[in-house]
Amino acid sequence: MLLITCPYCEESRPELEFHYEGEAHIARPLNPTTVSDEEWAEFLYVRSNSRGPHRERWRHLHGCGRFFNAIRDTRTDKFIITYRQGEFPEHEIVEETPK
Ligand SMILES: [Zn+2]
């Protein structure tokens, strides 16, 4: 069973308590009315879909209910680190291009 550590509860809990919420650190344009259609489409739909360490947003849905971020290796499904909203721990992200 995959265990995920919630940085707020500070406990490792079963994956079933959590929900994946997409790629982390996607910034909404400050003034959406001034961006082009292409820029808006990129904000809405384009994600890195990287292979290897990946910054993700998760929610402890059946626990404290809070959102947090994680770096997970998509090749092994192992969580490298989880961290609270507003934090940005340094970690080398080396993206691999699928062959
Ligand atoms: Zn929690």
# chains A, B, ... in the order shown; residues from 1 in each chain; ligands from 1
>>> residues_near_ligand(ligand="ligand 1", cutoff="7 Å", atoms="only C-alpha atoms and all ligand atoms", output="list of chain:residue names")
A:Cys6, A:Pro7, A:Tyr8, A:Cys9, A:His60, A:Gly63, A:Cys64, A:Gly65, A:Arg66
>>> write_last_selection(atoms="N, CA and C atoms", output="short mmCIF file (atom, residue, chain, number, x, y, z; two decimals), in the first residue's frame")
data_model
loop_
_atom_site.label_atom_id
_atom_site.label_comp_id
_atom_site.auth_asym_id
_atom_site.auth_seq_id
_atom_site.Cartn_x
_atom_site.Cartn_y
_atom_site.Cartn_z
N CYS A 6 1.13 13.57 4.92
CA CYS A 6 0.50 14.89 4.86
C CYS A 6 1.37 15.86 5.68
N PRO A 7 1.81 16.97 5.07
CA PRO A 7 2.68 17.90 5.81
C PRO A 7 1.93 18.67 6.91
N TYR A 8 0.62 18.64 6.90
CA TYR A 8 -0.15 19.32 7.96
C TYR A 8 -0.42 18.37 9.12
N CYS A 9 -0.86 17.15 8.82
CA CYS A 9 -1.13 16.16 9.87
C CYS A 9 0.17 15.55 10.39
N HIS A 60 -5.49 16.17 1.04
CA HIS A 60 -5.77 15.14 2.04
C HIS A 60 -7.29 15.11 2.26
N GLY A 63 -8.91 13.36 5.30
CA GLY A 63 -8.15 13.63 6.53
C GLY A 63 -8.44 15.06 6.93
N CYS A 64 -7.41 15.89 6.88
CA CYS A 64 -7.58 17.29 7.28
C CYS A 64 -8.25 18.13 6.18
N GLY A 65 -8.28 17.60 4.94
CA GLY A 65 -8.94 18.31 3.84
C GLY A 65 -8.07 19.37 3.19
N ARG A 66 -6.86 19.52 3.62
CA ARG A 66 -6.02 20.62 3.12
C ARG A 66 -5.26 20.22 1.86
#
>>> residues_around(residues="Pro53 of chain A", least_positions_apart="4", cutoff="12 Å", atoms="only C-alpha atoms", output="list of chain:residue names")
A:Glu23, A:Ser48, A:Asn49, A:Ala70, A:Ile71, A:Arg72, A:Asp73, A:Thr74, A:Arg75, A:Thr76, A:Asp77, A:Lys78, A:Phe79, A:Ile80, A:Ile81, A:His91, A:Glu92, A:Ile93, A:Val94, A:Glu95, A:Glu96
>>> atom_distance(atom1="atom CA of Phe18 of chain A", atom2="atom CA of His62 of chain A")
6.6 Å
>>> residues_around(residues="Leu16 of chain A", least_positions_apart="4", cutoff="12 Å", atoms="only C-alpha atoms", output="CSV table (one decimal) with C-alpha atoms, in the first residue's frame")
chain,number,residue,atom,x,y,z
A,1,MET,CA,0.0,0.0,0.0
A,2,LEU,CA,1.3,3.4,-0.9
A,3,LEU,CA,1.7,5.8,2.0
A,4,ILE,CA,1.6,9.5,1.6
A,12,SER,CA,1.9,8.9,6.7
A,20,TYR,CA,-4.4,14.1,-6.9
A,58,TRP,CA,-2.5,16.9,-3.6
A,59,ARG,CA,-5.4,17.1,-1.2
A,60,HIS,CA,-5.8,15.1,2.0
A,61,LEU,CA,-9.4,14.7,1.2
A,62,HIS,CA,-10.4,12.1,3.8
A,63,GLY,CA,-8.2,13.6,6.5
>>> select_by_dssp(residues="chain A", states="helix (DSSP H, G or I)", output="list in words")
Glu15, Leu16, Glu17, Pro32, Thr33, Thr34, Asp37, Glu38, Glu39, Trp40, Ala41, Glu42, Phe43, Leu44 and Tyr45 of chain A
>>> closest_atom_pairs(of="segment 40-99 of chain A", to="segment 26-35 of chain A", cutoff="9 Å", atoms="only C-alpha atoms", output="JSON lines")
{"residue": "A:Trp40", "atom": "CA", "partner": "A:Val35", "partner_atom": "CA", "distance": 6.4}
{"residue": "A:Phe43", "atom": "CA", "partner": "A:Arg28", "partner_atom": "CA", "distance": 6.9}
{"residue": "A:Leu44", "atom": "CA", "partner": "A:Arg28", "partner_atom": "CA", "distance": 8.8}
{"residue": "A:Arg47", "atom": "CA", "partner": "A:Ile26", "partner_atom": "CA", "distance": 8.8}
>>> write_last_selection(atoms="N, CA and C atoms", output="PDB file, in the first residue's frame")
ATOM      1  N   TRP A  40      -4.000  31.767 -22.791  1.00  0.00           N
ATOM      2  CA  TRP A  40      -5.037  31.255 -21.896  1.00  0.00           C
ATOM      3  C   TRP A  40      -5.185  29.742 -22.042  1.00  0.00           C
ATOM      4  N   PHE A  43      -2.371  28.088 -20.237  1.00  0.00           N
ATOM      5  CA  PHE A  43      -2.603  28.069 -18.785  1.00  0.00           C
ATOM      6  C   PHE A  43      -3.586  26.961 -18.408  1.00  0.00           C
ATOM      7  N   LEU A  44      -4.650  26.802 -19.195  1.00  0.00           N
ATOM      8  CA  LEU A  44      -5.684  25.828 -18.856  1.00  0.00           C
ATOM      9  C   LEU A  44      -5.283  24.385 -19.118  1.00  0.00           C
ATOM     10  N   ARG A  47       0.438  21.012 -19.690  1.00  0.00           N
ATOM     11  CA  ARG A  47       1.169  20.585 -18.490  1.00  0.00           C
ATOM     12  C   ARG A  47       2.438  19.870 -18.936  1.00  0.00           C
TER      13      ARG A  47
END
>>> residues_around(residues="Phe68 of chain A", least_positions_apart="6", cutoff="6 Å", atoms="only C-alpha atoms", output="ChimeraX atom specification")
/A:57-58,84-85
